[in-house]
$ cat work-v5.txt   # compact mmCIF, C-alpha atoms
# COMPACT_ATOMS: atom_id res chain seq x y z
CA MET A 7 -41.81 -74.28 -22.01
CA MET A 8 -42.39 -71.79 -24.82
CA GLN A 9 -39.82 -71.20 -27.54
CA PRO A 10 -36.82 -69.02 -26.57
CA VAL A 11 -37.03 -65.37 -27.52
CA THR A 12 -34.79 -64.12 -30.32
CA ARG A 13 -32.94 -61.08 -29.04
CA SER A 14 -30.84 -58.30 -30.53
CA ALA A 15 -27.58 -56.87 -29.24
CA ASN A 16 -29.44 -54.15 -27.32
CA ALA A 17 -32.10 -56.47 -25.87
CA ALA A 18 -33.35 -55.74 -22.37
CA ILE A 19 -35.64 -57.29 -19.77
CA LEU A 20 -38.25 -55.14 -18.07
CA VAL A 21 -39.19 -55.94 -14.46
CA LEU A 22 -42.21 -54.37 -12.74
CA ASN A 23 -42.82 -54.67 -9.02
CA ALA A 24 -46.15 -53.21 -7.92
CA GLY A 25 -46.45 -53.05 -4.14
CA SER A 26 -49.26 -51.87 -1.88
CA SER A 27 -48.02 -48.26 -1.99
CA SER A 28 -45.35 -48.28 -4.69
CA VAL A 29 -44.41 -49.25 -8.22
CA LYS A 30 -40.77 -50.16 -8.77
CA PHE A 31 -39.15 -50.98 -12.09
CA ALA A 32 -35.83 -52.17 -13.43
CA LEU A 33 -34.28 -52.66 -16.85
CA PHE A 34 -31.62 -55.35 -17.21
CA GLU A 35 -29.39 -56.16 -20.14
CA ALA A 36 -30.52 -59.50 -21.53
CA ASP A 37 -26.89 -60.65 -21.70
CA GLY A 38 -25.42 -60.81 -18.21
CA LEU A 39 -28.36 -59.13 -16.44
CA ARG A 40 -26.43 -55.91 -15.91
CA PRO A 41 -28.87 -53.32 -14.55
CA LEU A 42 -29.44 -50.46 -17.00
CA CYS A 43 -31.92 -48.45 -14.98
CA ARG A 44 -33.80 -48.70 -11.70
CA GLY A 45 -36.35 -46.51 -10.05
CA GLY A 46 -39.79 -46.31 -8.63
CA ILE A 47 -42.73 -44.37 -7.31
CA GLU A 48 -43.49 -44.30 -3.59
CA GLY A 49 -46.36 -43.09 -1.43
CA ILE A 50 -49.18 -44.13 -3.74
CA GLY A 51 -52.45 -43.73 -1.87
CA SER A 52 -51.20 -40.78 0.16
CA ARG A 53 -48.66 -38.55 -1.59
CA ALA A 54 -47.22 -40.26 -4.64
CA ARG A 55 -43.71 -39.20 -5.60
CA PHE A 56 -41.08 -40.38 -8.05
CA GLY A 57 -38.07 -41.52 -6.07
CA GLY A 58 -35.67 -41.01 -8.96
CA ALA A 59 -33.82 -43.37 -11.27
CA SER A 60 -30.27 -44.71 -11.34
CA GLY A 61 -28.15 -46.41 -13.97
CA SER A 62 -26.95 -45.65 -17.47
CA ARG A 63 -30.49 -45.03 -18.75
CA ALA A 64 -31.61 -42.82 -15.86
CA HIS A 65 -31.74 -39.90 -18.31
CA LEU A 66 -34.99 -41.35 -19.61
CA PHE A 67 -36.65 -39.71 -16.62
CA ASP A 68 -34.90 -36.34 -16.76
CA GLY A 69 -37.48 -33.59 -16.44
CA ALA A 70 -40.38 -36.02 -16.21
CA GLU A 71 -42.92 -35.06 -13.55
CA LEU A 72 -45.31 -37.52 -11.99
CA PRO A 73 -48.92 -36.30 -12.16
CA GLU A 74 -50.20 -35.22 -8.77
CA GLY A 75 -52.39 -37.74 -6.96
CA SER A 76 -51.33 -40.64 -9.18
CA SER A 77 -53.00 -44.02 -8.65
CA HIS A 78 -51.21 -47.34 -9.19
CA GLU A 79 -52.60 -47.47 -12.71
CA ALA A 80 -51.56 -43.92 -13.53
CA ALA A 81 -48.10 -44.43 -12.02
CA THR A 82 -47.54 -47.61 -14.03
CA GLN A 83 -48.67 -45.92 -17.23
CA TRP A 84 -46.37 -42.98 -16.51
CA LEU A 85 -43.40 -45.34 -16.16
CA LEU A 86 -44.23 -47.24 -19.34
CA ASP A 87 -44.66 -44.01 -21.29
CA ARG A 88 -41.06 -43.08 -20.39
CA LEU A 89 -39.82 -46.44 -21.70
CA ARG A 90 -42.06 -46.98 -24.69
CA TRP A 91 -40.22 -44.90 -27.27
CA VAL A 92 -36.60 -45.57 -26.32
CA ASP A 93 -34.68 -46.28 -29.53
CA ASP A 94 -31.48 -47.79 -28.10
CA ILE A 95 -33.19 -50.53 -26.09
CA GLU A 96 -35.30 -53.38 -27.42
CA LEU A 97 -37.45 -55.10 -24.83
CA CYS A 98 -37.39 -58.86 -25.32
CA ALA A 99 -39.42 -59.97 -22.28
CA ALA A 100 -40.98 -58.71 -19.06
CA GLY A 101 -41.24 -60.13 -15.57
CA HIS A 102 -43.63 -59.23 -12.77
CA ARG A 103 -43.78 -59.67 -9.04
CA VAL A 104 -47.14 -61.25 -8.30
CA VAL A 105 -47.89 -61.53 -4.61
CA HIS A 106 -50.12 -64.60 -4.48
CA GLY A 107 -49.73 -67.79 -6.50
CA GLY A 108 -52.17 -69.85 -4.45
CA PRO A 109 -51.65 -73.56 -3.81
CA ASP A 110 -50.83 -74.47 -7.41
CA LEU A 111 -48.46 -71.79 -8.76
CA SER A 112 -45.22 -72.36 -6.88
CA LYS A 113 -42.79 -71.55 -9.71
CA PRO A 114 -42.49 -68.73 -12.27
CA VAL A 115 -45.11 -69.13 -14.98
CA VAL A 116 -45.56 -67.73 -18.48
CA ILE A 117 -48.56 -65.40 -18.47
CA ASP A 118 -51.53 -66.18 -20.68
CA GLU A 119 -55.29 -65.77 -20.31
CA SER A 120 -55.69 -68.97 -18.30
CA VAL A 121 -53.00 -67.84 -15.84
CA MET A 122 -54.63 -64.42 -15.54
CA THR A 123 -57.92 -66.10 -14.68
CA ILE A 124 -56.24 -68.08 -11.89
CA LEU A 125 -54.54 -64.95 -10.54
CA GLU A 126 -57.76 -62.97 -10.62
CA GLY A 127 -59.33 -65.69 -8.49
CA LEU A 128 -56.69 -65.02 -5.81
CA ILE A 129 -57.41 -61.29 -5.46
CA ALA A 130 -59.38 -61.86 -2.24
CA LEU A 131 -56.23 -63.34 -0.64
CA ALA A 132 -54.09 -60.29 -1.43
CA PRO A 133 -56.49 -57.39 -2.04
CA ALA A 134 -53.87 -54.69 -1.41
CA HIS A 135 -51.45 -56.15 -3.96
CA GLN A 136 -52.86 -58.60 -6.50
CA PRO A 137 -55.04 -56.09 -8.39
CA HIS A 138 -52.03 -53.80 -8.89
CA ASN A 139 -49.87 -56.74 -10.04
CA LEU A 140 -52.46 -57.73 -12.63
CA ALA A 141 -52.98 -54.15 -13.76
CA ALA A 142 -49.25 -53.86 -14.46
CA ILE A 143 -49.36 -57.04 -16.55
CA ARG A 144 -52.26 -55.68 -18.58
CA ALA A 145 -50.53 -52.32 -19.06
CA VAL A 146 -47.42 -54.00 -20.47
CA ALA A 147 -49.54 -56.18 -22.75
CA GLU A 148 -51.28 -53.07 -24.09
CA ALA A 149 -48.00 -51.23 -24.68
CA TRP A 150 -46.19 -54.25 -26.21
CA PRO A 151 -48.83 -56.80 -27.33
CA SER A 152 -46.33 -59.42 -28.49
CA LEU A 153 -43.94 -59.16 -25.53
CA PRO A 154 -43.73 -62.41 -23.52
CA GLN A 155 -44.34 -61.94 -19.80
CA LEU A 156 -43.50 -64.03 -16.73
CA ALA A 157 -45.17 -64.01 -13.31
CA CYS A 158 -42.94 -64.64 -10.26
CA PHE A 159 -44.66 -65.27 -6.95
CA ASP A 160 -43.95 -63.98 -3.45
CA THR A 161 -45.53 -67.11 -2.03
CA ALA A 162 -43.28 -69.55 -3.91
CA PHE A 163 -40.19 -69.20 -1.68
CA HIS A 164 -42.11 -70.46 1.35
CA ARG A 165 -43.32 -73.69 -0.20
CA THR A 166 -40.26 -75.32 1.35
CA MET A 167 -41.71 -74.82 4.84
CA PRO A 168 -42.48 -78.06 6.72
CA ARG A 169 -46.12 -79.07 6.63
CA LEU A 170 -46.63 -78.20 10.30
CA ALA A 171 -45.37 -74.66 9.64
CA GLN A 172 -48.01 -74.28 6.92
CA LEU A 173 -50.99 -75.61 8.88
CA PHE A 174 -53.61 -73.68 10.81
CA ALA A 175 -55.53 -75.47 13.56
CA ILE A 176 -58.76 -75.49 11.55
CA PRO A 177 -60.87 -78.37 10.20
CA HIS A 178 -58.79 -80.46 7.81
CA SER A 179 -61.43 -80.05 5.10
CA LEU A 180 -60.59 -76.33 4.97
CA THR A 181 -56.88 -77.11 4.91
CA ASP A 182 -57.49 -79.41 1.96
CA GLU A 183 -59.15 -76.48 0.17
CA GLY A 184 -55.90 -74.50 0.39
CA LEU A 185 -56.48 -72.48 3.56
CA VAL A 186 -52.87 -72.71 4.75
CA ARG A 187 -49.99 -70.39 5.64
CA TYR A 188 -48.49 -69.18 2.36
CA GLY A 189 -46.11 -66.45 3.48
CA PHE A 190 -45.04 -63.48 1.37
CA HIS A 191 -42.06 -61.24 0.49
CA GLY A 192 -40.58 -64.39 -1.04
CA LEU A 193 -38.71 -62.61 -3.83
CA SER A 194 -37.00 -60.39 -1.28
CA TYR A 195 -36.04 -63.44 0.76
CA GLN A 196 -34.81 -65.23 -2.35
CA HIS A 197 -32.43 -62.35 -3.06
CA ILE A 198 -31.06 -62.48 0.49
CA ALA A 199 -30.60 -66.24 0.21
CA ASP A 200 -28.70 -65.69 -3.05
CA VAL A 201 -26.28 -63.02 -1.79
CA LEU A 202 -25.84 -63.89 1.89
CA PRO A 203 -23.19 -66.61 1.34
CA GLY A 204 -20.88 -64.00 -0.20
CA ILE A 205 -21.38 -61.76 2.85
CA ALA A 206 -21.71 -64.10 5.83
CA GLY A 207 -19.82 -67.16 4.60
CA GLU A 208 -20.71 -70.46 6.23
CA ARG A 209 -23.20 -68.81 8.58
CA ALA A 210 -25.49 -68.29 5.58
CA LYS A 211 -26.07 -72.05 5.58
CA GLY A 212 -27.11 -71.99 9.21
CA ARG A 213 -30.06 -70.63 11.16
CA VAL A 214 -30.85 -67.19 9.78
CA ILE A 215 -33.65 -64.70 10.42
CA VAL A 216 -34.32 -62.13 7.72
CA ALA A 217 -36.41 -59.11 8.70
CA HIS A 218 -38.10 -57.52 5.68
CA LEU A 219 -39.23 -54.27 7.29
CA GLY A 220 -40.97 -51.80 5.03
CA HIS A 221 -44.51 -50.54 4.46
CA GLY A 222 -45.28 -54.25 4.52
CA ALA A 223 -43.23 -56.22 7.04
CA SER A 224 -42.49 -59.85 7.81
CA LEU A 225 -39.83 -62.21 9.13
CA CYS A 226 -38.51 -65.37 7.54
CA ALA A 227 -36.60 -68.12 9.31
CA MET A 228 -34.14 -69.78 6.91
CA ARG A 229 -32.00 -72.84 7.17
CA ASP A 230 -29.52 -73.48 4.34
CA GLY A 231 -31.13 -70.62 2.42
CA ARG A 232 -34.60 -72.17 2.48
CA SER A 233 -37.70 -70.96 4.28
CA VAL A 234 -38.72 -72.98 7.33
CA ALA A 235 -41.09 -70.46 8.96
CA THR A 236 -42.50 -67.00 8.31
CA THR A 237 -44.78 -64.53 10.06
CA MET A 238 -47.26 -63.78 7.28
CA GLY A 239 -49.97 -66.35 6.75
CA PHE A 240 -52.93 -67.10 4.50
CA THR A 241 -52.87 -63.42 3.54
CA ALA A 242 -50.37 -60.58 3.87
CA LEU A 243 -52.35 -59.21 6.82
CA ASP A 244 -50.85 -61.61 9.36
CA GLY A 245 -47.70 -61.32 11.46
CA LEU A 246 -45.85 -58.09 12.17
CA MET A 247 -47.40 -54.66 12.59
CA MET A 248 -47.01 -52.73 9.32
CA GLY A 249 -47.55 -49.29 7.83
CA MET A 250 -51.34 -49.57 7.69
CA ARG A 251 -51.97 -53.26 8.41
CA CYS A 252 -52.51 -54.54 11.93
CA GLY A 253 -50.58 -57.80 11.64
CA ALA A 254 -51.48 -60.71 13.93
CA ILE A 255 -54.71 -60.09 15.82
CA ASP A 256 -57.18 -62.08 17.91
CA ALA A 257 -59.79 -63.50 15.54
CA GLY A 258 -62.30 -62.92 18.33
CA LEU A 259 -61.74 -59.18 17.99
CA VAL A 260 -62.80 -59.40 14.35
CA LEU A 261 -65.93 -61.35 15.34
CA TYR A 262 -66.67 -58.78 18.05
CA LEU A 263 -66.56 -55.90 15.57
CA ILE A 264 -68.97 -57.75 13.27
CA GLU A 265 -71.32 -59.30 15.80
CA GLN A 266 -71.37 -56.74 18.63
CA ARG A 267 -70.54 -53.49 16.84
CA GLY A 268 -72.58 -54.38 13.78
CA MET A 269 -69.76 -53.58 11.35
CA ALA A 270 -69.94 -54.90 7.82
CA PRO A 271 -67.04 -57.16 6.78
CA ALA A 272 -65.89 -54.53 4.28
CA ASP A 273 -65.65 -51.94 7.05
CA VAL A 274 -63.65 -54.32 9.25
CA SER A 275 -61.35 -55.04 6.32
CA GLU A 276 -60.83 -51.30 5.84
CA ILE A 277 -59.83 -50.93 9.51
CA LEU A 278 -57.42 -53.87 9.54
CA ASN A 279 -55.82 -53.25 6.14
CA ARG A 280 -55.77 -49.46 5.79
CA ARG A 281 -56.40 -47.80 9.16
CA SER A 282 -54.22 -49.83 11.53
CA GLY A 283 -50.49 -50.40 11.94
CA LEU A 284 -48.22 -47.38 12.33
CA LEU A 285 -50.98 -45.13 11.00
CA GLY A 286 -53.64 -46.41 13.36
CA VAL A 287 -51.55 -46.44 16.53
CA SER A 288 -49.94 -43.05 15.90
CA GLY A 289 -52.90 -41.30 14.33
CA ILE A 290 -50.27 -39.39 12.34
CA SER A 291 -48.72 -41.34 9.49
CA ASN A 292 -47.97 -44.77 8.05
CA ASP A 293 -44.41 -43.64 7.24
CA ALA A 294 -41.76 -44.48 9.84
CA ARG A 295 -39.68 -41.49 8.71
CA THR A 296 -42.48 -39.10 9.59
CA LEU A 297 -42.98 -40.75 12.97
CA LEU A 298 -39.26 -40.68 13.76
CA ALA A 299 -39.27 -36.92 13.14
CA SER A 300 -42.36 -36.34 15.28
CA LYS A 301 -42.34 -35.38 18.97
CA GLU A 302 -45.85 -36.67 19.53
CA PRO A 303 -46.05 -39.42 22.21
CA ARG A 304 -48.26 -41.56 19.97
CA ALA A 305 -45.62 -41.52 17.25
CA ALA A 306 -43.08 -42.91 19.72
CA GLU A 307 -45.56 -45.50 20.96
CA ALA A 308 -46.25 -46.69 17.41
CA LEU A 309 -42.54 -47.15 16.73
CA ASP A 310 -42.03 -48.87 20.08
CA LEU A 311 -44.85 -51.28 19.30
CA PHE A 312 -43.41 -51.95 15.84
CA ALA A 313 -40.02 -52.88 17.34
CA TYR A 314 -41.65 -54.93 20.12
CA ARG A 315 -43.59 -56.98 17.59
CA VAL A 316 -40.43 -57.68 15.59
CA VAL A 317 -38.64 -58.80 18.76
CA ARG A 318 -41.52 -60.98 19.91
CA GLU A 319 -41.99 -62.66 16.54
CA SER A 320 -38.23 -63.13 16.22
CA GLY A 321 -38.48 -65.28 19.32
CA SER A 322 -40.89 -67.57 17.49
CA MET A 323 -38.56 -67.75 14.49
CA ILE A 324 -35.63 -68.66 16.75
CA ALA A 325 -37.75 -71.42 18.29
CA ALA A 326 -38.58 -72.76 14.82
CA LEU A 327 -34.88 -72.75 13.90
CA GLY A 328 -33.64 -74.14 17.20
CA GLY A 329 -31.18 -71.25 17.60
CA LEU A 330 -29.74 -68.34 15.67
CA ASP A 331 -26.57 -67.96 13.60
CA ALA A 332 -27.22 -64.66 11.78
CA PHE A 333 -29.78 -61.87 11.52
CA VAL A 334 -30.44 -59.73 8.43
CA PHE A 335 -32.31 -56.43 8.06
CA THR A 336 -33.67 -55.52 4.63
CA ALA A 337 -36.31 -53.29 2.92
CA GLY A 338 -36.99 -49.60 3.57
CA ILE A 339 -37.13 -49.42 7.37
CA GLY A 340 -34.67 -52.26 7.80
CA GLU A 341 -32.11 -50.59 5.54
CA ARG A 342 -32.53 -46.94 6.56
CA SER A 343 -33.62 -46.66 10.17
CA ALA A 344 -30.71 -47.03 12.58
CA GLN A 345 -33.00 -46.06 15.45
CA ILE A 346 -35.49 -48.87 14.83
CA ARG A 347 -32.70 -51.39 14.24
CA ALA A 348 -31.13 -50.35 17.55
CA ALA A 349 -34.42 -50.88 19.39
CA ILE A 350 -34.80 -54.34 17.87
CA GLY A 351 -31.18 -55.15 18.68
CA ARG A 352 -31.69 -54.23 22.33
CA GLY A 353 -34.78 -56.40 22.49
CA LEU A 354 -32.85 -59.37 21.11
CA ALA A 355 -29.79 -59.05 23.33
CA TRP A 356 -30.86 -62.28 25.04
CA ALA A 357 -30.40 -64.07 21.69
CA GLY A 358 -26.77 -63.00 21.32
CA ILE A 359 -27.35 -59.84 19.27
CA ARG A 360 -25.34 -56.71 20.08
CA LEU A 361 -25.05 -53.87 17.60
CA ASP A 362 -22.05 -51.60 17.15
CA GLU A 363 -23.50 -48.10 17.44
CA ASP A 364 -21.16 -46.47 14.93
CA ARG A 365 -21.65 -49.19 12.32
CA ASN A 366 -25.39 -49.07 12.80
CA VAL A 367 -25.57 -45.30 12.35
CA ALA A 368 -23.34 -45.57 9.28
CA HIS A 369 -25.62 -48.29 7.80
CA ASP A 370 -22.64 -50.62 7.32
CA THR A 371 -23.20 -54.05 5.83
CA ARG A 372 -22.29 -55.65 9.16
CA ILE A 373 -23.65 -53.63 12.08
CA SER A 374 -23.01 -56.02 14.96
CA ALA A 375 -20.12 -55.71 17.41
CA ASP A 376 -17.04 -57.81 16.61
CA ASP A 377 -17.49 -59.93 19.71
CA ALA A 378 -21.26 -60.37 19.34
CA GLN A 379 -22.40 -63.98 19.37
CA VAL A 380 -24.71 -63.43 16.39
CA PRO A 381 -23.62 -61.26 13.43
CA VAL A 382 -26.20 -58.78 12.14
CA TYR A 383 -26.24 -57.51 8.56
CA VAL A 384 -28.00 -54.83 6.54
CA ILE A 385 -28.55 -55.94 2.94
CA PRO A 386 -30.50 -53.82 0.43
CA ALA A 387 -33.65 -55.44 -0.88
CA ASP A 388 -33.66 -56.38 -4.56
CA GLU A 389 -36.84 -58.16 -5.57
CA GLU A 390 -36.23 -57.28 -9.20
CA ARG A 391 -33.04 -59.30 -9.81
CA PRO A 392 -34.56 -62.72 -8.98
CA ILE A 393 -37.37 -61.88 -11.38
CA ALA A 394 -34.93 -60.89 -14.16
CA ARG A 395 -32.99 -64.11 -13.60
CA ALA A 396 -36.18 -66.16 -13.86
CA VAL A 397 -37.14 -64.35 -17.09
CA ALA A 398 -33.71 -65.09 -18.57
CA VAL A 399 -33.97 -68.78 -17.64
CA GLN A 400 -37.47 -69.02 -19.09
CA PHE A 401 -37.16 -67.09 -22.34
CA LEU A 402 -33.56 -66.50 -23.36
CA PRO A 403 -31.32 -69.14 -24.93
CA ALA A 404 -28.09 -69.85 -23.07
$ encode --input "work-v5.txt" --output "structure tokens"
Amino acid sequence: MMQPVTRSANAAILVLNAGSSSVKFALFEADGLRPLCRGGIEGIGSRARFGGASGSRAHLFDGAELPEGSSHEAATQWLLDRLRWVDDIELCAAGHRVVHGGPDLSKPVVIDESVMTILEGLIALAPAHQPHNLAAIRAVAEAWPSLPQLACFDTAFHRTMPRLAQLFAIPHSLTDEGLVRYGFHGLSYQHIADVLPGIAGERAKGRVIVAHLGHGASLCAMRDGRSVATTMGFTALDGLMMGMRCGAIDAGLVLYLIEQRGMAPADVSEILNRRSGLLGVSGISNDARTLLASKEPRAAEALDLFAYRVVRESGSMIAALGGLDAFVFTAGIGERSAQIRAAIGRGLAWAGIRLDEDRNVAHDTRISADDAQVPVYVIPADEERPIARAVAVQFLPA
């Protein structure tokens, strides 16, 4: 472990979270991890927009306009430019969400050149995320060359899964090379595991499914706050249908496109990663909000398929858990779409789920009926706080 960072009274931790279509940020007080400012940019790759900032330092973004057509790199630089010349905050360390840690990086790690080399070698396993994560690290290093940085991995939370849950039925020599189920959205799941006991009590220690439903989507089966199964696999392409990603698909279909249609692997990758999911099925948009507002039949079909896939995969999570004690919705769609939650709730009525319509529409924390066998909760995602906590543990003296 490196030497603790000396900090001033106005020291702050910067957290950057670069997703496939967004860049989120948060500033936390070094003492106590009180959030000073949060915000982010959404819709990168289609129509990038600044979603606003909250907190006592939100004024840093007053009047600031995001350049039209911003890329991930431009959006990150825009955020850092807002923070770079603040005179009442002194950054003491930074933390980053990094999607893939591979087989060896299962805990937060201090970033240096050797770590960057390892992470660059994992780009092929998370091509929609890893390059943006690494670009954010480089941007911070350029803005603050001496600032220590920590990488926190989405894959780390799932390393508690039993070996059978991590295996694919492929030759063991490939398994030994690290071709296993890694799972993702781990920082989001870690946050839910941290806060659920204060919301659900003893049920949080039981058999819980967490549905992280956003532009990227997955399920995690937890027991005692630890991952025992998840829908994403070797890459973030597996599992649920997503905004632009297809989710689980017959491998034979991929071979058919290459062998019979003569498609190059890069073209197949483009279809599966950027032209499928809600966008591909609807032909309209990758944004659930747009589809919910549309009267086009294909928009409705895309949303129906999305809910169906969540219900079907939830069945597999329940099987892995041996039952169900609680269900949690989180992330953009999970937090904001009462209509999609209702459809999923109806599909899981057999498992003891029954939503209260008024609570669901009001986005209450508990949206299940009082007499439902399985309580259902809506908990806002917060991938940034687990990162800030890890940074504090790593760099800041107690």
$ residues_around --input "work-v5.txt" --residues "Leu298 in chain A" --least-positions-apart "3" --cutoff "9 Å" --atoms "only C-alpha atoms" --output "CSV table (one decimal) with C-alpha atoms, keeping the file's coordinate frame"
chain,number,residue,atom,x,y,z
A,293,ASP,CA,-44.4,-43.6,7.2
A,294,ALA,CA,-41.8,-44.5,9.8
A,295,ARG,CA,-39.7,-41.5,8.7
A,301,LYS,CA,-42.3,-35.4,19.0
A,305,ALA,CA,-45.6,-41.5,17.2
A,306,ALA,CA,-43.1,-42.9,19.7
A,309,LEU,CA,-42.5,-47.2,16.7
A,343,SER,CA,-33.6,-46.7,10.2
A,345,GLN,CA,-33.0,-46.1,15.4
$ closest_residue --input "work-v5.txt" --among "A:Arg395, A:His65, A:Arg318, A:Arg209" --to "Val334 in chain A" --atoms "only C-alpha atoms"
A:Arg209
$ closest_residue --input "work-v5.txt" --among "A:Arg40, A:His138, A:Arg232, A:Lys113" --to "Ser77 in chain A" --atoms "all atoms listed in the file"
A:His138
$ atom_distance --input "work-v5.txt" --atom1 "CA of His135 in chain A" --atom2 "CA of Asp244 in chain A"
14.4 Å
$ atom_distance --input "work-v5.txt" --atom1 "CA of Leu170 in chain A" --atom2 "CA of Ala227 in chain A"
14.3 Å
$ axis_aligned_box --input "work-v5.txt" --around "range 204-208 of chain A" --padding-each-side "8 Å" --output "lines of an AutoDock Vina configuration file"
center_x = -20.8
center_y = -66.1
center_z = 3.0
size_x = 17.9
size_y = 24.7
size_z = 22.4
$ residues_around --input "work-v5.txt" --residues "Arg44 in chain A" --least-positions-apart "3" --cutoff "6 Å" --atoms "only C-alpha atoms" --output "VMD selection string"
chain A and resid 31 to 32 59 to 60
$ atom_distance --input "work-v5.txt" --atom1 "CA of Ile373 in chain A" --atom2 "CA of Ala242 in chain A"
28.8 Å
$ residues_around --input "work-v5.txt" --residues "range 389-394 of chain A" --least-positions-apart "2" --cutoff "6 Å" --atoms "only C-alpha atoms" --output "JSON, numbers by chain"
{"A": [101, 193, 194, 396, 397]}
$ closest_residue --input "work-v5.txt" --among "A:Ala130, A:Cys252, A:Val105, A:Ala210" --to "Tyr188 in chain A" --atoms "all atoms listed in the file"
A:Val105
$ closest_residue --input "work-v5.txt" --among "A:Tyr262, A:Phe240, A:Tyr195, A:Phe312" --to "Ala337 in chain A" --atoms "all atoms listed in the file"
A:Tyr195
$ residues_around --input "work-v5.txt" --residues "Leu330 in chain A" --least-positions-apart "4" --cutoff "8 Å" --atoms "all atoms listed in the file" --output "list in words"
Gly212, Arg213, Val214, Ile215, Ile324, Ala357 and Val380 of chain A
$ residues_around --input "work-v5.txt" --residues "Arg88 in chain A" --least-positions-apart "3" --cutoff "7 Å" --atoms "all atoms listed in the file" --output "PyMOL selection string"
chain A and resi 66-67+84-85
$ build_atoms --input "work-v5.txt" --residues "range 106-123 of chain A" --atoms "N, CA and C atoms" --output "PDB file, in the coordinates of the input"
ATOM      1  N   HIS A 106     -49.527 -63.318  -4.879  1.00  0.00           N
ATOM      2  CA  HIS A 106     -50.120 -64.600  -4.480  1.00  0.00           C
ATOM      3  C   HIS A 106     -50.227 -65.563  -5.656  1.00  0.00           C
ATOM      4  N   GLY A 107     -49.629 -66.732  -5.497  1.00  0.00           N
ATOM      5  CA  GLY A 107     -49.730 -67.790  -6.500  1.00  0.00           C
ATOM      6  C   GLY A 107     -50.673 -68.899  -6.104  1.00  0.00           C
ATOM      7  N   GLY A 108     -51.248 -68.809  -4.887  1.00  0.00           N
ATOM      8  CA  GLY A 108     -52.170 -69.850  -4.450  1.00  0.00           C
ATOM      9  C   GLY A 108     -51.478 -71.180  -4.238  1.00  0.00           C
ATOM     10  N   PRO A 109     -52.242 -72.250  -4.103  1.00  0.00           N
ATOM     11  CA  PRO A 109     -51.650 -73.560  -3.810  1.00  0.00           C
ATOM     12  C   PRO A 109     -50.981 -74.223  -5.012  1.00  0.00           C
ATOM     13  N   ASP A 110     -51.285 -73.753  -6.215  1.00  0.00           N
ATOM     14  CA  ASP A 110     -50.830 -74.470  -7.410  1.00  0.00           C
ATOM     15  C   ASP A 110     -49.639 -73.816  -8.109  1.00  0.00           C
ATOM     16  N   LEU A 111     -49.525 -72.495  -8.040  1.00  0.00           N
ATOM     17  CA  LEU A 111     -48.460 -71.790  -8.760  1.00  0.00           C
ATOM     18  C   LEU A 111     -47.297 -71.528  -7.819  1.00  0.00           C
ATOM     19  N   SER A 112     -46.356 -72.447  -7.805  1.00  0.00           N
ATOM     20  CA  SER A 112     -45.220 -72.360  -6.880  1.00  0.00           C
ATOM     21  C   SER A 112     -43.908 -72.095  -7.602  1.00  0.00           C
ATOM     22  N   LYS A 113     -43.964 -71.880  -8.926  1.00  0.00           N
ATOM     23  CA  LYS A 113     -42.790 -71.550  -9.710  1.00  0.00           C
ATOM     24  C   LYS A 113     -43.161 -70.459 -10.702  1.00  0.00           C
ATOM     25  N   PRO A 114     -42.173 -69.732 -11.249  1.00  0.00           N
ATOM     26  CA  PRO A 114     -42.490 -68.730 -12.270  1.00  0.00           C
ATOM     27  C   PRO A 114     -43.277 -69.353 -13.413  1.00  0.00           C
ATOM     28  N   VAL A 115     -44.240 -68.597 -13.942  1.00  0.00           N
ATOM     29  CA  VAL A 115     -45.110 -69.130 -14.980  1.00  0.00           C
ATOM     30  C   VAL A 115     -45.302 -68.101 -16.084  1.00  0.00           C
ATOM     31  N   VAL A 116     -45.306 -68.591 -17.329  1.00  0.00           N
ATOM     32  CA  VAL A 116     -45.560 -67.730 -18.480  1.00  0.00           C
ATOM     33  C   VAL A 116     -47.025 -67.270 -18.423  1.00  0.00           C
ATOM     34  N   ILE A 117     -47.234 -65.975 -18.627  1.00  0.00           N
ATOM     35  CA  ILE A 117     -48.560 -65.400 -18.470  1.00  0.00           C
ATOM     36  C   ILE A 117     -49.375 -65.557 -19.755  1.00  0.00           C
ATOM     37  N   ASP A 118     -50.550 -66.144 -19.606  1.00  0.00           N
ATOM     38  CA  ASP A 118     -51.530 -66.180 -20.680  1.00  0.00           C
ATOM     39  C   ASP A 118     -52.901 -65.967 -20.048  1.00  0.00           C
ATOM     40  N   GLU A 119     -53.954 -66.066 -20.828  1.00  0.00           N
ATOM     41  CA  GLU A 119     -55.290 -65.770 -20.310  1.00  0.00           C
ATOM     42  C   GLU A 119     -55.696 -66.727 -19.200  1.00  0.00           C
ATOM     43  N   SER A 120     -55.312 -67.992 -19.326  1.00  0.00           N
ATOM     44  CA  SER A 120     -55.690 -68.970 -18.300  1.00  0.00           C
ATOM     45  C   SER A 120     -54.985 -68.655 -16.983  1.00  0.00           C
ATOM     46  N   VAL A 121     -53.734 -68.224 -17.054  1.00  0.00           N
ATOM     47  CA  VAL A 121     -53.000 -67.840 -15.840  1.00  0.00           C
ATOM     48  C   VAL A 121     -53.640 -66.595 -15.230  1.00  0.00           C
ATOM     49  N   MET A 122     -53.992 -65.630 -16.059  1.00  0.00           N
ATOM     50  CA  MET A 122     -54.630 -64.420 -15.540  1.00  0.00           C
ATOM     51  C   MET A 122     -55.934 -64.749 -14.824  1.00  0.00           C
ATOM     52  N   THR A 123     -56.678 -65.704 -15.335  1.00  0.00           N
ATOM     53  CA  THR A 123     -57.920 -66.100 -14.680  1.00  0.00           C
ATOM     54  C   THR A 123     -57.657 -66.680 -13.300  1.00  0.00           C
TER      55      THR A 123
END
